[in-house]
Amino acid sequence: MKTNIILAGVGGQGILTIAAVLDTAALNSNLNIKQSEVHGMSQRGGAVQSHVRISDKEIFSDLIPEGKADMIISVEPMELLRYLPYLKKGGFLITDSNPFENITNYPELTDLYKEIKSHKNTILIDAKGIAKEIGNSRATNIVLLGAASSLLPLDDESIQTAIKSLFERKGERIIAKNLEAYEKGKEIASAMVS
Amino acid sequence: MKKLLLGNEALAQGAIDAGISGVYAYPGTPSTEITEYIQRSKIAKELNIHSKWSVNEKTAMEAALGMSYAGKRAMTVMKHVGLNVAADVFMNMAVSGINGGLVVVVADDPSMHSSQNEQDSRNYGKFAMIPIFEPTNQQEVYDITRYAFYLSEQLGLPIMIRMVTRLSHSRAGIEISKRKVQNSIHLPKNPHQFQLIPMHARNRYQHLVAIQSDNRESSENSYFNKFIDGPNTSMGIIAAGIAYNYLMEDFEDDSCPFPILKISQYPLPKKQVKKLFDKCKKILVLEDGAPFIEELVSDYFGENKKVIGRLTGHLNRVGELNPDNIAEALGFERTYSEKIPNIVTGRPPELCIGCAHRDLFEAINQLKAENDQQQVFGDIGCYALGVLPPYQSINTLIDMGASITMAKGASDAGIHPSIAIIGDSTFTHSGMTGLLDAVIENTPITVIISDNSAIAMTGAQDSSASGRLVNIVEGIGVEKEHLKIITPLHKNLEENIDLIRQEINYKGVSVVIAQRPCVQLPKEKKDQLKKLQQVSIN
């Protein structure tokens with residue numbers, strides 16, 4: 001078993017929190033993990049990505065080869081498409097529908113959605129809206145993680161435990177909001193996939 | 001249980017567990033998290049391990065050498081271009097040798113994710129004739145770091161550990177072993193070891209040359225270099241550091257049919273390289289960065305074509321390696337892969353919303369509109385983004401401190417206005433000496449120190465300049481009347497333009513400190529800085 005995940009977004013959008021949940025859950029499930037991330041200049045409002053690899057065998061490369069990612073989880077719709085070369089045939093695209101427009105030549109949203117929907121296995125959701133409804137728009141990333149959960153090699157319990165331990169310092173309320181965000185993401189995605 | 005660590009964090013943990021008494025460093029991507037990990041470590045605090053930032057890489061390395069002189073283990077950490085700054089002490093401490101174990105960690109940045117060049121530090125290690133380690137994965141980073149301190153004391157030499165961005169910034173689970181206690185103070189046995197006057201230096205240099213056989217032997221017997229035999233001798237593969245991972249990725253389940261020589265310690269293990277050469281028809285060299293091994297093992301005229309790699313076009317000459325370009329070099333067919341749709345546009349990094357540099361660039365651009373002769377010499381930091389749209393305010397960006405000295409040279413050549421823009425931390429890192437050059441000749445330049453009171457680009461670490469800038473500039477000899485402080489805010493734009501224009505018109509050295517804390521700093525820190533700045537102005 002080997003699962004390759006690309007996380008995508010813009011510097012500051014919280015993709016490393018998703019990575020941290022996956023890492024912790026995988027480690028607690030006695031699985032091997034490698035997870036690369038971006039530090040430095042690009043973090044300042046630029047495109048960022050993280051390669052997450054989970055396996056029961058030894059993992060060699062820190063980078064996922066092209067055409068080998070099982071899924072791309074993106075907190076921004078255009079950033080999702082930037083990493084398409086990594087997606088394997090039949091791989092899943094999971095993304096928030098809300099654009100992050102800090103550039104002048106951002107594409108038309110309708111074109112963007114059309115392009116995303118032209119792929120077979122797509123979960124395009126208003127994750128930010130869902131997070132806002134719960135009352136914590138910062139949990140957008142966890143909504144997306146929930147939406148991807150049925151595709152992950154990790155059980156719910158290990159992910160929930162990881163969420164609890166990662167948000168421990170922020171207090172009970174934030175933990176509860178993030179657990180709720182995870183559940184909501186899961187519900188919506190299961191309705192879409194089935 | 002395994003600990004989940006970045007490559008950089010694994011290195012830091014390895015150093016703590018090797019019993020270091022201090023780490024000395026200046027921040028620089030991709031090396032920064034090594035020192036930060038030690039700064040945050042509870043156990044490091046309990047053990048009183050020094051971890052405060054140094055003013056630059058040279059001061060850092062020299063302090064590490066001082067700690068080694070005293071008999072304790074020390075580490076110094078920098079990015080690849082930081083080693084240029086520390087090159088003087090680096091080359092000479094190979095000649096003096098060390099006392100307590102000393103490890104130099106250099107993080108290279110192939111593909112220039114966050115750098116001006118992709119120089120390969122292995123060239124420096126070879127230049128200085130010291131052992132170099134190049135770990136393959138995070139566990140090896142930890143194990144090698146522990147071992148490097150031991151080897152340093154065995155050989156009496158500083159040791160280099162070469163990291164690359166992808167290893168520095170990737171996490172994996174690490175097995176931690178027992179921590180060694182710190183060395184106690186013991187001075188060098190030979191009183192002349194560190195006295196490099198020619199008489200003693202000649203002896204030391206001869207010694208350095210003489211122990212190269214031990215150095216090579218250590219590499220030939222290294223646990224970290226491995227010869228992995230294979231049945232297909234039509235090709236042998238030398239795979240160094242992280243390149244070995246990519247190779248193993250491309251052959252799933254250890255199915256590589258070719259003999260492989262995995263390299264994680266230098267000088268190159270001659271014995272094993274010879275074995276591979278004798279056995280195989282052709283040699284493919286996989287290494288991230290420069291064609292360092294390839295140049296060493298190729299024949300000069302390239303006529304026998306036995307060695308292939310980055311020099312022969314089988315691999316990209318510039319930019320980092322990855323599983324895909326190595327697969328191509330191995331002749332694998334490209335796996336299925338989609339193209340990036342045309343509607344996807346670039347998203348380069350940008351200055352934060354509310355960043356003080358933005359207001360400064362706005363002023364600079366208006367002055368440029370008044371006088372198109374104006375040249376702006378930039379420096380290393382977030383403000384380097386002023387090269388890009390929307391501001392495009394900066395004409396040059398070369399190395400730490402070059403803004404002031406290039407502005408001086410251009411002014412000497414007759415360019416006016418000649419403006420330098422440098423950050424507060426970069427100024428104390430490498431700008432002060434250049435300012436003295438300008439002061440001595442009263443060169444007509446205007447130096448704008450964009451003081452955000454942080455080393456912002458690498459994560460807002462403490463700046464050595466905080467609270468000291470005015471005193472330093474005055475101390476260097478800039479006239480009081482031509483040292484001005486402005487607050488770069490939009491509401492002050494006209495006022496700031498007037499003031500900078502006035503200083504540009506002065507035919508001598510002027511300094512304008514544009515002072516407003518980095519927006520990334522927490523509020524408590526900003527308040528603290530405000531107090532410091534007031535004290536310094538009064």
# chains A, B, ... in the order shown; residues from 1 in each chain; ligands from 1

$ residues_around --residues "Phe277 (chain B)" --least-positions-apart "4" --cutoff "10 Å" --atoms "only C-alpha atoms" --output "list in words"
Thr233, Met235, Gly236, Ile237, Lys271, Gln272, Val273, Lys281, Lys282, Ile283, Val297, Lys306 and Val307 of chain B

$ residues_around --residues "Ile123 (chain A)" --least-positions-apart "5" --cutoff "8 Å" --atoms "only C-alpha atoms" --output "list of chain:residue names"
A:Phe92, A:Leu93, A:Ile94, A:Thr95, A:Ala147, A:Ala189, A:Met192, A:Val193

$ interface_residues --of "chain A" --to "chain B" --cutoff "9 Å" --atoms "only C-alpha atoms" --output "MDAnalysis selection string"
chainID A and resid 10:11 23:24 27 32:47 51 59:68 78:79 81:89 102:103 105:108 111:112 115

$ write_last_selection --atoms "C-alpha atoms" --output "PDB file, in the first residue's frame"
ATOM      1  CA  VAL A  10      -1.134  29.830  -1.623  1.00  0.00           C
ATOM      2  CA  GLY A  11       1.417  30.646   1.086  1.00  0.00           C
ATOM      3  CA  ASP A  23       1.719  12.935   9.239  1.00  0.00           C
ATOM      4  CA  THR A  24       0.601  12.482  12.823  1.00  0.00           C
ATOM      5  CA  LEU A  27       2.850   7.845  12.347  1.00  0.00           C
ATOM      6  CA  ASN A  32       5.913   5.233   7.027  1.00  0.00           C
ATOM      7  CA  ILE A  33       5.647   8.831   5.961  1.00  0.00           C
ATOM      8  CA  LYS A  34       7.557  11.366   3.923  1.00  0.00           C
ATOM      9  CA  GLN A  35       6.271  14.883   3.583  1.00  0.00           C
ATOM     10  CA  SER A  36       8.017  17.698   1.767  1.00  0.00           C
ATOM     11  CA  GLU A  37       7.124  21.346   2.192  1.00  0.00           C
ATOM     12  CA  VAL A  38       8.049  24.823   0.970  1.00  0.00           C
ATOM     13  CA  HIS A  39       9.854  27.369   3.133  1.00  0.00           C
ATOM     14  CA  GLY A  40      11.357  30.724   2.246  1.00  0.00           C
ATOM     15  CA  MET A  41      10.546  33.188  -0.460  1.00  0.00           C
ATOM     16  CA  SER A  42       7.501  31.463  -2.028  1.00  0.00           C
ATOM     17  CA  GLN A  43       5.718  31.474   1.305  1.00  0.00           C
ATOM     18  CA  ARG A  44       4.986  35.165   0.807  1.00  0.00           C
ATOM     19  CA  GLY A  45       1.710  34.911  -1.109  1.00  0.00           C
ATOM     20  CA  GLY A  46       3.146  32.598  -3.752  1.00  0.00           C
ATOM     21  CA  ALA A  47       2.094  29.155  -4.977  1.00  0.00           C
ATOM     22  CA  HIS A  51       4.047  16.160  -1.239  1.00  0.00           C
ATOM     23  CA  ILE A  59       9.490   5.278   1.057  1.00  0.00           C
ATOM     24  CA  PHE A  60      12.499   6.497  -0.890  1.00  0.00           C
ATOM     25  CA  SER A  61      11.784   9.732  -2.730  1.00  0.00           C
ATOM     26  CA  ASP A  62      10.613  12.833  -0.875  1.00  0.00           C
ATOM     27  CA  LEU A  63       9.010  13.948  -4.126  1.00  0.00           C
ATOM     28  CA  ILE A  64       6.121  12.182  -5.849  1.00  0.00           C
ATOM     29  CA  PRO A  65       6.962  11.237  -9.443  1.00  0.00           C
ATOM     30  CA  GLU A  66       4.763  12.712 -12.162  1.00  0.00           C
ATOM     31  CA  GLY A  67       1.608  10.724 -12.877  1.00  0.00           C
ATOM     32  CA  LYS A  68       1.755   8.958  -9.508  1.00  0.00           C
ATOM     33  CA  MET A  78      -6.449  27.406  -9.714  1.00  0.00           C
ATOM     34  CA  GLU A  79      -3.636  25.999  -7.576  1.00  0.00           C
ATOM     35  CA  LEU A  81      -4.659  22.589 -11.664  1.00  0.00           C
ATOM     36  CA  ARG A  82      -1.005  23.639 -11.352  1.00  0.00           C
ATOM     37  CA  TYR A  83      -0.133  20.130 -10.139  1.00  0.00           C
ATOM     38  CA  LEU A  84      -2.149  18.087 -12.653  1.00  0.00           C
ATOM     39  CA  PRO A  85       1.041  16.565 -14.122  1.00  0.00           C
ATOM     40  CA  TYR A  86       1.423  14.659 -10.851  1.00  0.00           C
ATOM     41  CA  LEU A  87      -2.063  13.120 -10.910  1.00  0.00           C
ATOM     42  CA  LYS A  88      -2.287   9.466 -11.839  1.00  0.00           C
ATOM     43  CA  LYS A  89      -4.858   8.176 -14.287  1.00  0.00           C
ATOM     44  CA  ASN A 102      -3.796  38.250  -5.375  1.00  0.00           C
ATOM     45  CA  ILE A 103      -2.736  38.473  -9.027  1.00  0.00           C
ATOM     46  CA  ASN A 105      -4.440  37.958 -14.454  1.00  0.00           C
ATOM     47  CA  TYR A 106      -6.486  35.449 -12.469  1.00  0.00           C
ATOM     48  CA  PRO A 107      -8.552  33.326 -14.877  1.00  0.00           C
ATOM     49  CA  GLU A 108     -12.348  33.539 -15.215  1.00  0.00           C
ATOM     50  CA  ASP A 111     -13.498  28.634 -17.130  1.00  0.00           C
ATOM     51  CA  LEU A 112     -11.684  27.374 -14.089  1.00  0.00           C
ATOM     52  CA  GLU A 115     -11.660  22.796 -16.529  1.00  0.00           C
TER      53      GLU A 115
END

$ closest_residue --among "A:Gly146, A:Gly9, A:Ile54, A:Lys184" --to "Ser97 (chain A)" --atoms "only C-alpha atoms"
A:Gly9

$ select_by_dssp --residues "region 3-180 of chain A" --states "strand (DSSP E or B)" --output "VMD selection string"
chain A and resid 3 to 10 32 to 36 47 to 55 69 to 74 87 to 96 122 to 125

$ select_by_dssp --residues "region 42-178 of chain A" --states "alpha helix (DSSP H)" --output "PyMOL selection string"
chain A and resi 77-82+109-117+127-134+140-148+156-166+172-178

$ atom_distance --atom1 "CA of Thr76 (chain B)" --atom2 "CA of Ala465 (chain B)"
21.0 Å

$ atom_distance --atom1 "CA of Val106 (chain B)" --atom2 "CA of Ser121 (chain B)"
7.0 Å

$ residues_around --residues "Ala127 (chain A)" --least-positions-apart "4" --cutoff "7 Å" --atoms "only C-alpha atoms" --output "PyMOL selection string"
chain A and resi 96+131+140+143-144

$ residues_around --residues "region 505-520 of chain B" --least-positions-apart "3" --cutoff "7 Å" --atoms "only C-alpha atoms" --output "PyMOL selection string"
chain B and resi 354-356+438-439+442-454+456+460+478+482-488+501-502+526

$ atom_distance --atom1 "CA of Ile228 (chain B)" --atom2 "CA of Ile260 (chain B)"
5.1 Å

$ closest_residue --among "B:Asp372, B:Gly319, B:Leu330, B:Gly19" --to "Cys256 (chain B)" --atoms "only C-alpha atoms"
B:Leu330

$ residues_around --residues "Asp88 (chain B)" --least-positions-apart "2" --cutoff "12 Å" --atoms "only C-alpha atoms" --output "list in words"
Glu57, Lys58, Thr59, Met61, Glu62, Gly82, Leu83, Asn84, Val85, Ala86, Phe90, Met91, Asn92, Met93, Ala94, Val95, Tyr124 and Ala128 of chain B

$ residues_around --residues "Gly14 (chain B)" --least-positions-apart "6" --cutoff "12 Å" --atoms "only C-alpha atoms" --output "JSON, numbers by chain"
{"B": [5, 7, 8, 20, 34, 37, 38, 44, 75, 103, 138, 139, 140, 141, 142, 143, 144, 145, 146, 147, 148, 149, 150, 174, 175, 176, 177, 178, 179, 180]}

$ residues_around --residues "Asn56 (chain B)" --least-positions-apart "3" --cutoff "8 Å" --atoms "only C-alpha atoms" --output "list in words"
Ala25, Tyr26, Thr59, Ala60, Val85, His429 and Ser430 of chain B

$ closest_residue --among "B:Pro188, B:Gly401, B:Gly22, B:Gly475" --to "Ala63 (chain B)" --atoms "only C-alpha atoms"
B:Gly22
